[in-house]
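S.K.: Once you've had a glance at the structure underneath, I'll fire off some questions.
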Amino acid sequence: MPRILWVASGENIRELGGYPVAGGGQTCAHRFLRSGHTSDLTPRDLRYLRRYGVGSVLDLRSAAEVRSHPDPYAQMRGVAYRNVSFYDYDLHDPALATGEMDEDTLAGFLTSGYLDMLATTEAVREIFAFLAEGARRGSCVLFHCTAGMDRTGVTSMLVLALAGVDRAHIVADYAYSYEDPAEVDGWVFAGKGPSADIDPHIYEAATQVMAAVYDRVCEVYGDVPSYLRSCGVPDADLAAVRAHLL
């Protein structure tokens, strides 16, 4: 199943469908999409995503980011929109760069930021309440931040793990934000390593950050569903999200 939706005015719009799950089968398409910000989507592409099934949009950006670049779906008739700030800023914002980072520094910076997100239990509850609302309506739920990599990546990890997707595919889903899916699959599943023209800093982050975050959650809580319950997400919401994706 194609991972990427080629939406000309969009950024990093990808399916959560098509991943194998424990016990057999795979996640369904047209249920959850992850993406970068939607502020630059043309009217044509906004309509295309509506036809694709998008009826619920979860905006994970800060209030300042939303004010600066409003989400057009917030004003669109027939679309349920909610803003739940999962973090105060975009970790991939070039303005945050403080010079060249080596592999350990970049990976550590991102991992620390992602674990900080997972400590915001109230936001996690609100995120899953909205995802469950969309699931019960039968909507395709699109969730996004700015680049579609960090806040969106952590949310995608939680949703995929809840559905029973394994660690390797969760890591690959994260790494697709950095490189072509075929190239990433070579890194993750075939052990080929990066090609010569790929920045080693990016390779390090793409292949290790989400693995470290996932492993830490499992080390502390046993698994992702137990972590979500510890955040106060009701079992009914967990069941609704899982059933929708499967």
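Just remember, in the structure tokens the first chain shown is A, the second B, etc., residues are 1-based per chain, and ligands are 1-based in the order shown.
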Contacts of A:Ser68 at 12 Å or less, counting only C-alpha atoms, minus same-chain residues fewer than 3 places along, as a ChimeraX atom specification?
M.R.: /A:37,39,61-65,71,146
S.K.: Output N, CA and C atoms for every residue in the selection just made, as a tab-separated table (two decimals), in the first residue's frame.
M.R.:
chain	number	residue	atom	x	y	z
A	37	HIS	N	1.72	20.62	8.45
A	37	HIS	CA	0.65	21.61	8.59
A	37	HIS	C	-0.20	21.68	7.32
A	39	SER	N	-1.90	24.51	6.44
A	39	SER	CA	-2.17	25.92	6.18
A	39	SER	C	-2.02	26.30	4.71
A	61	ARG	N	-0.36	21.53	17.17
A	61	ARG	CA	0.55	22.67	17.32
A	61	ARG	C	0.20	23.53	18.54
A	62	SER	N	1.11	24.42	18.87
A	62	SER	CA	0.87	25.36	19.96
A	62	SER	C	-0.12	26.42	19.52
A	63	ALA	N	-0.68	27.14	20.50
A	63	ALA	CA	-1.62	28.21	20.19
A	63	ALA	C	-0.96	29.29	19.33
A	64	ALA	N	0.31	29.58	19.59
A	64	ALA	CA	1.01	30.59	18.79
A	64	ALA	C	1.15	30.15	17.34
A	65	GLU	N	1.47	28.88	17.12
A	65	GLU	CA	1.58	28.38	15.75
A	65	GLU	C	0.25	28.43	15.03
A	71	ASP	N	-5.38	26.68	10.62
A	71	ASP	CA	-5.75	25.47	9.89
A	71	ASP	C	-7.06	25.74	9.15
A	146	THR	N	3.49	20.79	12.60
A	146	THR	CA	4.02	21.70	11.58
A	146	THR	C	4.74	20.93	10.48
S.K.: Determine, counting only C-alpha atoms, which protein, DNA and RNA residues have an atom within 12 Å of an atom of A:Cys231; residues of the same chain fewer than 4 positions away are not included. Present the result as JSON, numbers by chain.
M.R.: {"A": [118, 119, 120, 121, 122, 123, 124, 125, 126, 127, 128, 129, 221, 224, 225, 226, 227, 235, 238]}
S.K.: Residues as selected, C-alpha atoms, written as a CSV table (one decimal), in the first residue's frame, can you do that?
M.R.:
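Produced file out03.csv, reproduced below:
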chain,number,residue,atom,x,y,z
A,118,LEU,CA,4.6,11.7,26.6
A,119,ALA,CA,4.8,13.3,30.1
A,120,THR,CA,1.9,15.6,29.3
A,121,THR,CA,-0.8,13.2,30.3
A,122,GLU,CA,-3.7,15.6,30.0
A,123,ALA,CA,-2.8,16.3,26.3
A,124,VAL,CA,-2.6,12.6,25.6
A,125,ARG,CA,-6.1,12.1,27.1
A,126,GLU,CA,-7.5,14.9,25.0
A,127,ILE,CA,-5.8,13.6,21.8
A,128,PHE,CA,-7.2,10.1,22.3
A,129,ALA,CA,-10.7,11.4,23.2
A,221,TYR,CA,4.8,0.7,31.5
A,224,VAL,CA,1.7,1.3,25.0
A,225,PRO,CA,-1.9,0.5,26.0
A,226,SER,CA,-0.8,0.4,29.6
A,227,TYR,CA,0.9,3.7,29.2
A,235,ASP,CA,-10.7,1.7,27.7
A,238,LEU,CA,-8.7,2.8,23.3
S.K.: Among stretch 176-216 of chain A, which ones does DSSP assign to alpha helix (DSSP H) (computed from the backbone)? Answer as a PyMOL selection string.
M.R.: chain A and resi 181-190+200-216
S.K.: Can you spit out the residues from that selection as an mmCIF file, in the first residue's frame, using C-alpha atoms?
M.R.:
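Saved file selection-v9.cif follows:
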data_model
loop_
_atom_site.group_PDB
_atom_site.id
_atom_site.type_symbol
_atom_site.label_atom_id
_atom_site.label_comp_id
_atom_site.auth_asym_id
_atom_site.auth_seq_id
_atom_site.Cartn_x
_atom_site.Cartn_y
_atom_site.Cartn_z
ATOM 1 C CA PRO A 181 10.016 4.799 2.061
ATOM 2 C CA ALA A 182 11.845 2.326 -0.165
ATOM 3 C CA GLU A 183 15.190 3.596 1.134
ATOM 4 C CA VAL A 184 13.998 3.449 4.732
ATOM 5 C CA ASP A 185 12.723 -0.106 4.334
ATOM 6 C CA GLY A 186 16.230 -1.032 3.218
ATOM 7 C CA TRP A 187 17.663 0.421 6.439
ATOM 8 C CA VAL A 188 15.111 -1.049 8.810
ATOM 9 C CA PHE A 189 14.237 -4.413 7.287
ATOM 10 C CA ALA A 190 17.219 -5.318 5.088
ATOM 11 C CA PRO A 200 24.603 10.606 8.821
ATOM 12 C CA HIS A 201 22.967 12.858 11.438
ATOM 13 C CA ILE A 202 19.603 12.304 9.784
ATOM 14 C CA TYR A 203 20.224 8.571 9.505
ATOM 15 C CA GLU A 204 21.024 8.374 13.198
ATOM 16 C CA ALA A 205 17.853 10.216 14.189
ATOM 17 C CA ALA A 206 15.651 8.379 11.712
ATOM 18 C CA THR A 207 16.685 4.917 12.845
ATOM 19 C CA GLN A 208 17.193 5.331 16.573
ATOM 20 C CA VAL A 209 15.073 8.098 18.101
ATOM 21 C CA MET A 210 11.630 6.536 17.873
ATOM 22 C CA ALA A 211 13.043 3.135 18.808
ATOM 23 C CA ALA A 212 14.495 4.652 21.992
ATOM 24 C CA VAL A 213 11.218 6.367 22.868
ATOM 25 C CA TYR A 214 9.134 3.249 22.208
ATOM 26 C CA ASP A 215 11.529 1.102 24.240
ATOM 27 C CA ARG A 216 11.415 3.537 27.153
#
S.K.: Got a sec: who's within 9 Å of A:Tyr73, counting only C-alpha atoms, leaving out chain neighbours fewer than 3 positions off, as an MDAnalysis selection string?
M.R.: chainID A and resid 38:39 46 56:57 70 76:77 79:81
S.K.: If you run DSSP on the backbone, which residues of stretch 2-245 of chain A are strand (DSSP E or B), as a PDB file with N, CA and C atoms, in the first residue's frame?
M.R.:
ATOM      1  N   ILE A   4       2.590   7.322   0.974  1.00  0.00           N
ATOM      2  CA  ILE A   4       2.512   8.766   0.812  1.00  0.00           C
ATOM      3  C   ILE A   4       1.326   9.138  -0.062  1.00  0.00           C
ATOM      4  N   ARG A  14       0.714  11.136   5.000  1.00  0.00           N
ATOM      5  CA  ARG A  14       0.943   9.699   4.885  1.00  0.00           C
ATOM      6  C   ARG A  14      -0.173   8.898   5.548  1.00  0.00           C
ATOM      7  N   GLU A  15      -0.354   7.697   5.049  1.00  0.00           N
ATOM      8  CA  GLU A  15      -1.334   6.733   5.556  1.00  0.00           C
ATOM      9  C   GLU A  15      -0.784   5.963   6.755  1.00  0.00           C
ATOM     10  N   PRO A  20       1.365  -4.456   8.974  1.00  0.00           N
ATOM     11  CA  PRO A  20       0.971  -5.742   9.563  1.00  0.00           C
ATOM     12  C   PRO A  20       0.780  -5.618  11.065  1.00  0.00           C
ATOM     13  N   VAL A  21      -0.141  -6.401  11.595  1.00  0.00           N
ATOM     14  CA  VAL A  21      -0.428  -6.363  13.037  1.00  0.00           C
ATOM     15  C   VAL A  21      -0.286  -7.754  13.633  1.00  0.00           C
ATOM     16  N   GLN A  26      -3.804  -6.487   8.686  1.00  0.00           N
ATOM     17  CA  GLN A  26      -3.076  -5.233   8.620  1.00  0.00           C
ATOM     18  C   GLN A  26      -3.999  -4.069   8.943  1.00  0.00           C
ATOM     19  N   PHE A  32      -6.780   6.747   9.455  1.00  0.00           N
ATOM     20  CA  PHE A  32      -5.954   7.775  10.088  1.00  0.00           C
ATOM     21  C   PHE A  32      -4.879   8.223   9.109  1.00  0.00           C
ATOM     22  N   LEU A  33      -4.727   9.542   8.976  1.00  0.00           N
ATOM     23  CA  LEU A  33      -3.651  10.131   8.182  1.00  0.00           C
ATOM     24  C   LEU A  33      -2.798  10.992   9.098  1.00  0.00           C
ATOM     25  N   ARG A  34      -1.498  11.036   8.836  1.00  0.00           N
ATOM     26  CA  ARG A  34      -0.587  11.922   9.540  1.00  0.00           C
ATOM     27  C   ARG A  34      -0.016  12.909   8.526  1.00  0.00           C
ATOM     28  N   SER A  35       0.249  14.134   8.958  1.00  0.00           N
ATOM     29  CA  SER A  35       0.744  15.105   7.979  1.00  0.00           C
ATOM     30  C   SER A  35       1.447  16.269   8.654  1.00  0.00           C
ATOM     31  N   VAL A  54     -11.484  12.468   4.929  1.00  0.00           N
ATOM     32  CA  VAL A  54     -11.136  13.257   6.108  1.00  0.00           C
ATOM     33  C   VAL A  54     -12.366  14.018   6.603  1.00  0.00           C
ATOM     34  N   GLY A  55     -12.775  13.693   7.823  1.00  0.00           N
ATOM     35  CA  GLY A  55     -13.902  14.367   8.450  1.00  0.00           C
ATOM     36  C   GLY A  55     -13.577  14.887   9.830  1.00  0.00           C
ATOM     37  N   SER A  56     -12.367  14.567  10.324  1.00  0.00           N
ATOM     38  CA  SER A  56     -11.903  15.023  11.634  1.00  0.00           C
ATOM     39  C   SER A  56     -10.436  15.427  11.496  1.00  0.00           C
ATOM     40  N   VAL A  57     -10.087  16.582  12.054  1.00  0.00           N
ATOM     41  CA  VAL A  57      -8.714  17.085  11.960  1.00  0.00           C
ATOM     42  C   VAL A  57      -8.240  17.472  13.357  1.00  0.00           C
ATOM     43  N   LEU A  58      -7.131  16.867  13.774  1.00  0.00           N
ATOM     44  CA  LEU A  58      -6.517  17.137  15.075  1.00  0.00           C
ATOM     45  C   LEU A  58      -5.230  17.914  14.848  1.00  0.00           C
ATOM     46  N   ASP A  59      -5.178  19.124  15.360  1.00  0.00           N
ATOM     47  CA  ASP A  59      -4.044  20.031  15.192  1.00  0.00           C
ATOM     48  C   ASP A  59      -3.223  19.989  16.478  1.00  0.00           C
ATOM     49  N   ALA A  80     -14.911  18.093  11.809  1.00  0.00           N
ATOM     50  CA  ALA A  80     -14.676  18.299  13.242  1.00  0.00           C
ATOM     51  C   ALA A  80     -13.202  18.641  13.432  1.00  0.00           C
ATOM     52  N   TYR A  81     -12.929  19.784  14.055  1.00  0.00           N
ATOM     53  CA  TYR A  81     -11.559  20.246  14.238  1.00  0.00           C
ATOM     54  C   TYR A  81     -11.297  20.478  15.722  1.00  0.00           C
ATOM     55  N   ARG A  82     -10.098  20.094  16.157  1.00  0.00           N
ATOM     56  CA  ARG A  82      -9.689  20.403  17.529  1.00  0.00           C
ATOM     57  C   ARG A  82      -8.191  20.670  17.574  1.00  0.00           C
ATOM     58  N   ASN A  83      -7.814  21.658  18.359  1.00  0.00           N
ATOM     59  CA  ASN A  83      -6.410  21.943  18.605  1.00  0.00           C
ATOM     60  C   ASN A  83      -6.056  21.468  20.010  1.00  0.00           C
ATOM     61  N   CYS A 140     -12.276   9.511   8.527  1.00  0.00           N
ATOM     62  CA  CYS A 140     -10.828   9.438   8.389  1.00  0.00           C
ATOM     63  C   CYS A 140     -10.290  10.614   9.182  1.00  0.00           C
ATOM     64  N   VAL A 141      -9.471  10.326  10.187  1.00  0.00           N
ATOM     65  CA  VAL A 141      -8.958  11.360  11.085  1.00  0.00           C
ATOM     66  C   VAL A 141      -7.559  11.756  10.637  1.00  0.00           C
ATOM     67  N   LEU A 142      -7.362  13.029  10.330  1.00  0.00           N
ATOM     68  CA  LEU A 142      -6.043  13.549   9.984  1.00  0.00           C
ATOM     69  C   LEU A 142      -5.486  14.274  11.205  1.00  0.00           C
ATOM     70  N   PHE A 143      -4.277  13.886  11.633  1.00  0.00           N
ATOM     71  CA  PHE A 143      -3.622  14.612  12.726  1.00  0.00           C
ATOM     72  C   PHE A 143      -2.302  15.170  12.221  1.00  0.00           C
ATOM     73  N   HIS A 144      -1.987  16.373  12.673  1.00  0.00           N
ATOM     74  CA  HIS A 144      -0.806  17.040  12.122  1.00  0.00           C
ATOM     75  C   HIS A 144      -0.207  18.001  13.132  1.00  0.00           C
ATOM     76  N   VAL A 165       0.829  -2.967  15.877  1.00  0.00           N
ATOM     77  CA  VAL A 165       1.922  -2.896  14.906  1.00  0.00           C
ATOM     78  C   VAL A 165       3.248  -3.067  15.653  1.00  0.00           C
TER      79      VAL A 165
END
S.K.: One decimal, Å: what's the distance from atom CA of A:Val7 over to atom CA of A:Tyr176, could you say?
M.R.: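 Result for atom CA of A:Val7 versus atom CA of A:Tyr176: 16.0 Å, one decimal.
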